[in-house]
$ cat model26.txt   # compact mmCIF, N, CA and C atoms
# COMPACT_ATOMS: atom_id res chain seq x y z
N MET A 1 -51.94 -68.65 180.82
CA MET A 1 -51.93 -68.86 179.39
C MET A 1 -53.23 -68.31 178.81
N ASN A 2 -53.14 -67.51 177.79
CA ASN A 2 -54.32 -66.96 177.14
C ASN A 2 -54.79 -67.89 176.04
N ASN A 3 -56.08 -68.13 176.01
CA ASN A 3 -56.67 -68.94 174.97
C ASN A 3 -57.77 -68.10 174.32
N TYR A 4 -57.44 -67.43 173.25
CA TYR A 4 -58.37 -66.50 172.62
C TYR A 4 -59.46 -67.19 171.82
N ASN A 5 -59.32 -68.49 171.60
CA ASN A 5 -60.34 -69.22 170.85
C ASN A 5 -61.35 -69.91 171.76
N ARG A 6 -61.20 -69.77 173.05
CA ARG A 6 -62.09 -70.44 173.99
C ARG A 6 -63.48 -69.82 173.92
N ARG A 7 -64.47 -70.68 173.81
CA ARG A 7 -65.86 -70.23 173.78
C ARG A 7 -66.63 -70.91 174.90
N GLN A 8 -67.72 -70.33 175.29
CA GLN A 8 -68.59 -70.94 176.29
C GLN A 8 -69.16 -72.23 175.70
N CYS A 9 -69.07 -73.33 176.45
CA CYS A 9 -69.51 -74.63 175.93
C CYS A 9 -70.70 -75.19 176.68
N ASN A 10 -71.37 -74.42 177.49
CA ASN A 10 -72.53 -74.91 178.23
C ASN A 10 -73.75 -74.86 177.32
N HIS A 11 -74.20 -76.04 176.89
CA HIS A 11 -75.34 -76.12 175.99
C HIS A 11 -76.62 -76.48 176.72
N GLY A 12 -76.57 -76.54 178.06
CA GLY A 12 -77.77 -76.83 178.83
C GLY A 12 -78.12 -78.30 178.94
N TYR A 13 -77.26 -79.21 178.47
CA TYR A 13 -77.54 -80.63 178.59
C TYR A 13 -77.36 -81.08 180.02
N LYS A 14 -78.31 -81.84 180.54
CA LYS A 14 -78.20 -82.33 181.91
C LYS A 14 -77.58 -83.73 181.94
N GLU A 15 -77.85 -84.54 180.94
CA GLU A 15 -77.30 -85.89 180.86
C GLU A 15 -76.83 -86.15 179.45
N GLN A 16 -75.92 -87.09 179.33
CA GLN A 16 -75.45 -87.48 178.00
C GLN A 16 -75.52 -88.99 177.90
N SER A 17 -76.07 -89.49 176.82
CA SER A 17 -76.02 -90.93 176.57
C SER A 17 -74.68 -91.23 175.90
N HIS A 18 -74.40 -92.48 175.69
CA HIS A 18 -73.07 -92.84 175.19
C HIS A 18 -72.87 -92.49 173.72
N VAL A 19 -71.61 -92.38 173.32
CA VAL A 19 -71.19 -92.13 171.95
C VAL A 19 -70.12 -93.15 171.59
N HIS A 20 -69.73 -93.19 170.32
CA HIS A 20 -68.68 -94.10 169.86
C HIS A 20 -67.67 -93.36 169.01
N GLU A 21 -66.43 -93.75 169.11
CA GLU A 21 -65.41 -93.25 168.18
C GLU A 21 -65.60 -94.00 166.86
N VAL A 22 -65.36 -93.29 165.76
CA VAL A 22 -65.48 -93.87 164.43
C VAL A 22 -64.28 -93.41 163.62
N GLN A 23 -63.52 -94.36 163.09
CA GLN A 23 -62.37 -93.99 162.26
C GLN A 23 -62.18 -95.04 161.19
N GLY A 24 -61.62 -94.61 160.07
CA GLY A 24 -61.39 -95.56 158.99
C GLY A 24 -60.87 -94.90 157.74
N SER A 25 -60.85 -95.69 156.69
CA SER A 25 -60.43 -95.24 155.36
C SER A 25 -61.51 -95.63 154.36
N VAL A 26 -61.74 -94.78 153.39
CA VAL A 26 -62.69 -95.11 152.33
C VAL A 26 -61.98 -95.98 151.29
N GLN A 27 -62.76 -96.65 150.46
CA GLN A 27 -62.18 -97.51 149.43
C GLN A 27 -61.59 -96.66 148.30
N ILE A 28 -60.69 -97.24 147.56
CA ILE A 28 -60.01 -96.54 146.46
C ILE A 28 -61.02 -96.21 145.36
N ALA A 29 -60.96 -94.99 144.88
CA ALA A 29 -61.79 -94.55 143.76
C ALA A 29 -60.89 -94.21 142.59
N GLU A 30 -61.46 -94.09 141.41
CA GLU A 30 -60.74 -93.77 140.17
C GLU A 30 -59.54 -94.70 139.96
N PRO A 31 -59.75 -96.02 139.98
CA PRO A 31 -58.61 -96.95 139.89
C PRO A 31 -57.80 -96.85 138.60
N GLU A 32 -58.43 -96.42 137.51
CA GLU A 32 -57.71 -96.31 136.24
C GLU A 32 -57.10 -94.94 136.03
N GLU A 33 -57.76 -93.88 136.53
CA GLU A 33 -57.30 -92.50 136.26
C GLU A 33 -56.33 -92.00 137.33
N GLU A 34 -56.78 -91.98 138.56
CA GLU A 34 -55.98 -91.42 139.66
C GLU A 34 -56.36 -92.14 140.95
N PRO A 35 -55.89 -93.38 141.15
CA PRO A 35 -56.31 -94.17 142.31
C PRO A 35 -55.92 -93.48 143.62
N HIS A 36 -56.89 -93.36 144.52
CA HIS A 36 -56.61 -92.75 145.82
C HIS A 36 -57.74 -93.07 146.79
N ASN A 37 -57.47 -92.89 148.06
CA ASN A 37 -58.50 -93.00 149.08
C ASN A 37 -58.33 -91.85 150.07
N HIS A 38 -59.15 -91.83 151.09
CA HIS A 38 -59.12 -90.79 152.12
C HIS A 38 -59.31 -91.46 153.48
N ARG A 39 -58.93 -90.74 154.53
CA ARG A 39 -59.13 -91.20 155.90
C ARG A 39 -60.14 -90.28 156.60
N PHE A 40 -60.72 -90.81 157.68
CA PHE A 40 -61.64 -90.00 158.49
C PHE A 40 -61.60 -90.46 159.94
N ALA A 41 -61.96 -89.57 160.85
CA ALA A 41 -62.07 -89.88 162.27
C ALA A 41 -63.09 -88.91 162.87
N THR A 42 -63.98 -89.43 163.70
CA THR A 42 -65.01 -88.60 164.32
C THR A 42 -65.54 -89.29 165.56
N VAL A 43 -66.49 -88.66 166.21
CA VAL A 43 -67.23 -89.25 167.32
C VAL A 43 -68.70 -89.20 166.92
N SER A 44 -69.40 -90.30 167.12
CA SER A 44 -70.81 -90.37 166.74
C SER A 44 -71.65 -89.43 167.60
N GLY A 45 -72.88 -89.22 167.17
CA GLY A 45 -73.84 -88.54 168.01
C GLY A 45 -74.27 -89.47 169.13
N GLU A 46 -75.05 -88.93 170.05
CA GLU A 46 -75.54 -89.73 171.17
C GLU A 46 -76.53 -90.79 170.70
N ALA A 47 -76.73 -91.81 171.53
CA ALA A 47 -77.63 -92.91 171.20
C ALA A 47 -79.04 -92.40 170.95
N ILE A 48 -79.66 -92.92 169.89
CA ILE A 48 -81.05 -92.59 169.54
C ILE A 48 -81.86 -93.88 169.69
N PRO A 49 -82.72 -93.96 170.71
CA PRO A 49 -83.47 -95.19 170.97
C PRO A 49 -84.45 -95.54 169.85
N VAL A 50 -84.55 -96.83 169.56
CA VAL A 50 -85.54 -97.37 168.63
C VAL A 50 -86.00 -98.69 169.23
N GLY A 51 -87.16 -98.69 169.85
CA GLY A 51 -87.62 -99.89 170.55
C GLY A 51 -86.64 -100.24 171.65
N ALA A 52 -86.21 -101.51 171.68
CA ALA A 52 -85.23 -101.96 172.68
C ALA A 52 -83.80 -101.72 172.23
N ASP A 53 -83.61 -101.22 171.03
CA ASP A 53 -82.27 -101.02 170.46
C ASP A 53 -81.99 -99.52 170.33
N HIS A 54 -80.94 -99.18 169.61
CA HIS A 54 -80.60 -97.78 169.35
C HIS A 54 -79.63 -97.70 168.18
N TYR A 55 -79.47 -96.51 167.63
CA TYR A 55 -78.47 -96.24 166.60
C TYR A 55 -77.85 -94.89 166.89
N HIS A 56 -76.86 -94.49 166.08
CA HIS A 56 -76.17 -93.21 166.24
C HIS A 56 -76.07 -92.51 164.90
N GLU A 57 -76.21 -91.20 164.90
CA GLU A 57 -75.91 -90.42 163.70
C GLU A 57 -74.41 -90.23 163.61
N VAL A 58 -73.90 -90.24 162.38
CA VAL A 58 -72.47 -90.08 162.14
C VAL A 58 -72.28 -89.05 161.04
N LYS A 59 -71.38 -88.10 161.28
CA LYS A 59 -71.03 -87.09 160.28
C LYS A 59 -69.52 -86.98 160.25
N PHE A 60 -68.96 -86.86 159.05
CA PHE A 60 -67.52 -86.61 158.97
C PHE A 60 -67.16 -85.99 157.63
N LYS A 61 -65.97 -85.40 157.62
CA LYS A 61 -65.30 -84.95 156.39
C LYS A 61 -64.01 -85.75 156.32
N THR A 62 -63.66 -86.21 155.13
CA THR A 62 -62.41 -86.94 154.96
C THR A 62 -61.23 -85.97 154.93
N ASP A 63 -60.04 -86.52 154.93
CA ASP A 63 -58.85 -85.69 154.71
C ASP A 63 -58.79 -85.30 153.23
N PHE A 64 -57.85 -84.43 152.88
CA PHE A 64 -57.71 -83.93 151.52
C PHE A 64 -56.83 -84.85 150.67
N TYR A 65 -57.11 -84.90 149.39
CA TYR A 65 -56.23 -85.50 148.40
C TYR A 65 -56.36 -84.68 147.13
N GLU A 66 -55.28 -84.16 146.62
CA GLU A 66 -55.30 -83.37 145.38
C GLU A 66 -56.41 -82.31 145.40
N ASP A 67 -56.44 -81.54 146.46
CA ASP A 67 -57.37 -80.41 146.60
C ASP A 67 -58.85 -80.78 146.68
N HIS A 68 -59.19 -81.97 147.15
CA HIS A 68 -60.60 -82.27 147.37
C HIS A 68 -60.76 -83.18 148.58
N PHE A 69 -61.97 -83.20 149.11
CA PHE A 69 -62.34 -84.06 150.22
C PHE A 69 -63.80 -84.49 150.00
N HIS A 70 -64.29 -85.33 150.87
CA HIS A 70 -65.67 -85.82 150.79
C HIS A 70 -66.33 -85.72 152.15
N ARG A 71 -67.66 -85.73 152.16
CA ARG A 71 -68.44 -85.68 153.39
C ARG A 71 -69.32 -86.92 153.48
N PHE A 72 -69.77 -87.19 154.71
CA PHE A 72 -70.77 -88.23 154.92
C PHE A 72 -71.67 -87.80 156.06
N CYS A 73 -72.95 -88.10 155.94
CA CYS A 73 -73.92 -87.85 157.01
C CYS A 73 -74.94 -88.98 156.93
N GLY A 74 -75.02 -89.78 157.98
CA GLY A 74 -75.95 -90.90 157.98
C GLY A 74 -76.07 -91.50 159.36
N LYS A 75 -76.46 -92.77 159.42
CA LYS A 75 -76.63 -93.41 160.72
C LYS A 75 -76.10 -94.83 160.71
N THR A 76 -75.81 -95.33 161.91
CA THR A 76 -75.26 -96.66 162.08
C THR A 76 -76.37 -97.71 162.09
N SER A 77 -75.94 -98.95 162.13
CA SER A 77 -76.87 -100.06 162.39
C SER A 77 -77.24 -100.02 163.87
N GLY A 78 -78.07 -100.94 164.26
CA GLY A 78 -78.35 -101.12 165.69
C GLY A 78 -77.12 -101.68 166.39
N ALA A 79 -77.23 -101.87 167.69
CA ALA A 79 -76.11 -102.37 168.49
C ALA A 79 -75.77 -103.81 168.14
N ILE A 80 -74.47 -104.11 168.09
CA ILE A 80 -73.96 -105.46 167.85
C ILE A 80 -73.17 -105.85 169.10
N PRO A 81 -73.64 -106.84 169.88
CA PRO A 81 -72.96 -107.20 171.13
C PRO A 81 -71.52 -107.66 170.90
N VAL A 82 -70.63 -107.19 171.78
CA VAL A 82 -69.23 -107.62 171.81
C VAL A 82 -68.88 -107.77 173.29
N GLY A 83 -68.88 -108.99 173.79
CA GLY A 83 -68.66 -109.19 175.23
C GLY A 83 -69.77 -108.48 176.00
N ASP A 84 -69.36 -107.67 177.00
CA ASP A 84 -70.36 -106.92 177.78
C ASP A 84 -70.57 -105.51 177.24
N ARG A 85 -70.10 -105.24 176.04
CA ARG A 85 -70.24 -103.94 175.39
C ARG A 85 -70.90 -104.14 174.03
N HIS A 86 -70.82 -103.13 173.16
CA HIS A 86 -71.35 -103.27 171.80
C HIS A 86 -70.65 -102.32 170.85
N VAL A 87 -70.82 -102.59 169.56
CA VAL A 87 -70.34 -101.74 168.48
C VAL A 87 -71.51 -101.53 167.52
N HIS A 88 -71.29 -100.74 166.48
CA HIS A 88 -72.28 -100.54 165.42
C HIS A 88 -71.57 -100.65 164.08
N PHE A 89 -72.30 -101.04 163.04
CA PHE A 89 -71.76 -101.18 161.69
C PHE A 89 -72.31 -100.05 160.83
N LEU A 90 -71.51 -99.64 159.87
CA LEU A 90 -71.92 -98.58 158.95
C LEU A 90 -71.31 -98.87 157.59
N GLU A 91 -72.14 -98.96 156.55
CA GLU A 91 -71.69 -99.19 155.18
C GLU A 91 -72.44 -98.21 154.30
N SER A 92 -71.69 -97.38 153.54
CA SER A 92 -72.35 -96.37 152.73
C SER A 92 -71.36 -95.81 151.71
N VAL A 93 -71.67 -94.62 151.20
CA VAL A 93 -70.80 -93.91 150.27
C VAL A 93 -70.68 -92.46 150.71
N THR A 94 -69.59 -91.83 150.32
CA THR A 94 -69.39 -90.41 150.61
C THR A 94 -70.13 -89.55 149.59
N THR A 95 -70.12 -88.25 149.81
CA THR A 95 -70.63 -87.33 148.80
C THR A 95 -69.72 -87.39 147.57
N GLU A 96 -70.24 -86.94 146.44
CA GLU A 96 -69.44 -86.86 145.23
C GLU A 96 -68.67 -85.55 145.23
N ASN A 97 -67.40 -85.61 144.86
CA ASN A 97 -66.56 -84.43 144.72
C ASN A 97 -65.47 -84.78 143.72
N ASP A 98 -65.04 -83.84 142.93
CA ASP A 98 -64.01 -84.07 141.92
C ASP A 98 -64.42 -85.19 140.96
N GLY A 99 -65.74 -85.32 140.74
CA GLY A 99 -66.25 -86.29 139.78
C GLY A 99 -66.34 -87.73 140.26
N HIS A 100 -66.23 -87.97 141.56
CA HIS A 100 -66.30 -89.34 142.06
C HIS A 100 -66.75 -89.35 143.52
N PHE A 101 -67.09 -90.54 144.02
CA PHE A 101 -67.41 -90.77 145.42
C PHE A 101 -66.63 -91.99 145.87
N HIS A 102 -66.68 -92.29 147.16
CA HIS A 102 -65.99 -93.45 147.71
C HIS A 102 -66.95 -94.29 148.53
N LYS A 103 -66.86 -95.61 148.40
CA LYS A 103 -67.58 -96.54 149.27
C LYS A 103 -66.76 -96.71 150.55
N PHE A 104 -67.43 -97.08 151.64
CA PHE A 104 -66.70 -97.42 152.86
C PHE A 104 -67.53 -98.35 153.73
N ARG A 105 -66.84 -99.11 154.56
CA ARG A 105 -67.43 -99.99 155.57
C ARG A 105 -66.63 -99.81 156.84
N VAL A 106 -67.32 -99.65 157.96
CA VAL A 106 -66.61 -99.42 159.21
C VAL A 106 -67.45 -99.91 160.38
N ALA A 107 -66.79 -100.36 161.42
CA ALA A 107 -67.44 -100.65 162.69
C ALA A 107 -66.98 -99.59 163.67
N THR A 108 -67.87 -99.13 164.51
CA THR A 108 -67.47 -98.17 165.53
C THR A 108 -66.55 -98.85 166.53
N LEU A 109 -65.87 -98.07 167.32
CA LEU A 109 -65.13 -98.63 168.44
C LEU A 109 -66.12 -98.93 169.57
N ILE A 110 -65.72 -99.75 170.51
CA ILE A 110 -66.59 -100.13 171.63
C ILE A 110 -66.91 -98.90 172.47
N GLU A 111 -68.15 -98.82 172.91
CA GLU A 111 -68.55 -97.69 173.75
C GLU A 111 -67.94 -97.83 175.15
N ASP A 112 -67.54 -96.73 175.72
CA ASP A 112 -67.04 -96.67 177.10
C ASP A 112 -66.08 -97.83 177.42
N PRO A 113 -64.97 -97.95 176.68
CA PRO A 113 -64.10 -99.13 176.82
C PRO A 113 -63.48 -99.32 178.20
N ILE A 114 -63.34 -98.29 179.00
CA ILE A 114 -62.75 -98.49 180.33
C ILE A 114 -63.75 -98.30 181.46
N GLY A 115 -65.03 -98.12 181.11
CA GLY A 115 -66.06 -97.99 182.12
C GLY A 115 -66.29 -99.32 182.83
N GLU A 116 -66.82 -99.24 184.05
CA GLU A 116 -67.03 -100.45 184.82
C GLU A 116 -68.37 -101.11 184.53
N GLU A 117 -69.39 -100.31 184.20
CA GLU A 117 -70.72 -100.87 183.97
C GLU A 117 -71.25 -100.45 182.62
N CYS A 118 -71.95 -101.36 181.97
CA CYS A 118 -72.65 -101.02 180.73
C CYS A 118 -74.00 -101.67 180.75
$ encode --input "model26.txt" --output "structure tokens"
Amino acid sequence: MNNYNRRQCNHGYKEQSHVHEVQGSVQIAEPEEEPHNHRFATVSGEAIPVGADHYHEVKFKTDFYEDHFHRFCGKTSGAIPVGDRHVHFLESVTTENDGHFHKFRVATLIEDPIGEEC
């Protein structure tokens, strides 16, 4: 099978710290004019240590609605324990587009959900 879009993916990284899946929906904007929201899904950046804790950078573009979308670039909270794993919280707003922005709140999914050790 030919894959003409395949590119070399060796970036020289020797180790990778953990990442988290992030997915959700933004809150409804323009409730009186044209109420709508958007969805997003991404994978966070690798863990960035801060003292004994860490956070992750998150970037995404939402899906389209009526020929527009929104972007977000920011960072999560520190780790929030969940059993023997953890999640992160993120509350912010998207970029403005089509004369409006959207608020959102999301928790990441658990890191390495089927791994044996954390």
$ closest_residue --input "model26.txt" --among "A:Phe104, A:His36, A:Thr42, A:Asp98" --to "Asp67 (chain A)" --atoms "all atoms listed in the file"
A:Asp98
$ closest_residue --input "model26.txt" --among "A:Gly51, A:Pro113, A:Phe72, A:Phe64" --to "Arg85 (chain A)" --atoms "all atoms listed in the file"
A:Pro113
$ atom_distance --input "model26.txt" --atom1 "atom C of His100 (chain A)" --atom2 "atom N of Glu30 (chain A)"
7.4 Å
$ atom_distance --input "model26.txt" --atom1 "atom C of Ile48 (chain A)" --atom2 "CA of Asp112 (chain A)"
16.8 Å
$ atom_distance --input "model26.txt" --atom1 "CA of Lys103 (chain A)" --atom2 "CA of Val82 (chain A)"
25.2 Å
$ residues_near_point --input "model26.txt" --point "(-60.0, -88.6, 153.1)" --cutoff "7 Å" --atoms "only C-alpha atoms" --output "PyMOL selection string"
chain A and resi 37-40+62-65+69-70
$ select_by_dssp --input "model26.txt" --residues "chain A" --states "strand (DSSP E or B)" --output "PyMOL selection string"
chain A and resi 21-25+29+36+39-43+48-50+53-55+57-61+65+68+71-75+80-82+85-87+89-93+97+100+103-107
$ residues_around --input "model26.txt" --residues "Val43 (chain A)" --least-positions-apart "6" --cutoff "6 Å" --atoms "only N, CA and C atoms" --output "list in words"
His20, Glu21 and Val22 of chain A
$ closest_residue --input "model26.txt" --among "A:Ala41, A:Val87, A:Leu109, A:Ala52" --to "Gly24 (chain A)" --atoms "all atoms listed in the file"
A:Ala41
$ closest_residue --input "model26.txt" --among "A:Phe60, A:Tyr55, A:Ile114, A:His102" --to "Phe89 (chain A)" --atoms "only C-alpha atoms"
A:Tyr55
$ residues_around --input "model26.txt" --residues "region 73-77 of chain A" --least-positions-apart "6" --cutoff "6.5 Å" --atoms "all atoms listed in the file" --output "PDB file with N, CA and C atoms, in the frame of the given file"
ATOM      1  N   HIS A  54     -80.940 -99.180 169.610  1.00  0.00           N
ATOM      2  CA  HIS A  54     -80.600 -97.780 169.350  1.00  0.00           C
ATOM      3  C   HIS A  54     -79.630 -97.700 168.180  1.00  0.00           C
ATOM      4  N   TYR A  55     -79.470 -96.510 167.630  1.00  0.00           N
ATOM      5  CA  TYR A  55     -78.470 -96.240 166.600  1.00  0.00           C
ATOM      6  C   TYR A  55     -77.850 -94.890 166.890  1.00  0.00           C
ATOM      7  N   HIS A  56     -76.860 -94.490 166.080  1.00  0.00           N
ATOM      8  CA  HIS A  56     -76.170 -93.210 166.240  1.00  0.00           C
ATOM      9  C   HIS A  56     -76.070 -92.510 164.900  1.00  0.00           C
ATOM     10  N   GLU A  57     -76.210 -91.200 164.900  1.00  0.00           N
ATOM     11  CA  GLU A  57     -75.910 -90.420 163.700  1.00  0.00           C
ATOM     12  C   GLU A  57     -74.410 -90.230 163.610  1.00  0.00           C
ATOM     13  N   VAL A  58     -73.900 -90.240 162.380  1.00  0.00           N
ATOM     14  CA  VAL A  58     -72.470 -90.080 162.140  1.00  0.00           C
ATOM     15  C   VAL A  58     -72.280 -89.050 161.040  1.00  0.00           C
ATOM     16  N   LYS A  59     -71.380 -88.100 161.280  1.00  0.00           N
ATOM     17  CA  LYS A  59     -71.030 -87.090 160.280  1.00  0.00           C
ATOM     18  C   LYS A  59     -69.520 -86.980 160.250  1.00  0.00           C
ATOM     19  N   PHE A  60     -68.960 -86.860 159.050  1.00  0.00           N
ATOM     20  CA  PHE A  60     -67.520 -86.610 158.970  1.00  0.00           C
ATOM     21  C   PHE A  60     -67.160 -85.990 157.630  1.00  0.00           C
ATOM     22  N   HIS A  88     -71.290-100.740 166.480  1.00  0.00           N
ATOM     23  CA  HIS A  88     -72.280-100.540 165.420  1.00  0.00           C
ATOM     24  C   HIS A  88     -71.570-100.650 164.080  1.00  0.00           C
ATOM     25  N   PHE A  89     -72.300-101.040 163.040  1.00  0.00           N
ATOM     26  CA  PHE A  89     -71.760-101.180 161.690  1.00  0.00           C
ATOM     27  C   PHE A  89     -72.310-100.050 160.830  1.00  0.00           C
ATOM     28  N   LEU A  90     -71.510 -99.640 159.870  1.00  0.00           N
ATOM     29  CA  LEU A  90     -71.920 -98.580 158.950  1.00  0.00           C
ATOM     30  C   LEU A  90     -71.310 -98.870 157.590  1.00  0.00           C
TER      31      LEU A  90
END
$ closest_residue --input "model26.txt" --among "A:Gly115, A:Glu33, A:Ala107, A:Gly99" --to "His18 (chain A)" --atoms "only C-alpha atoms"
A:Gly115
$ closest_residue --input "model26.txt" --among "A:Val50, A:Val19, A:Ile28, A:Ile80" --to "Phe101 (chain A)" --atoms "all atoms listed in the file"
A:Ile28
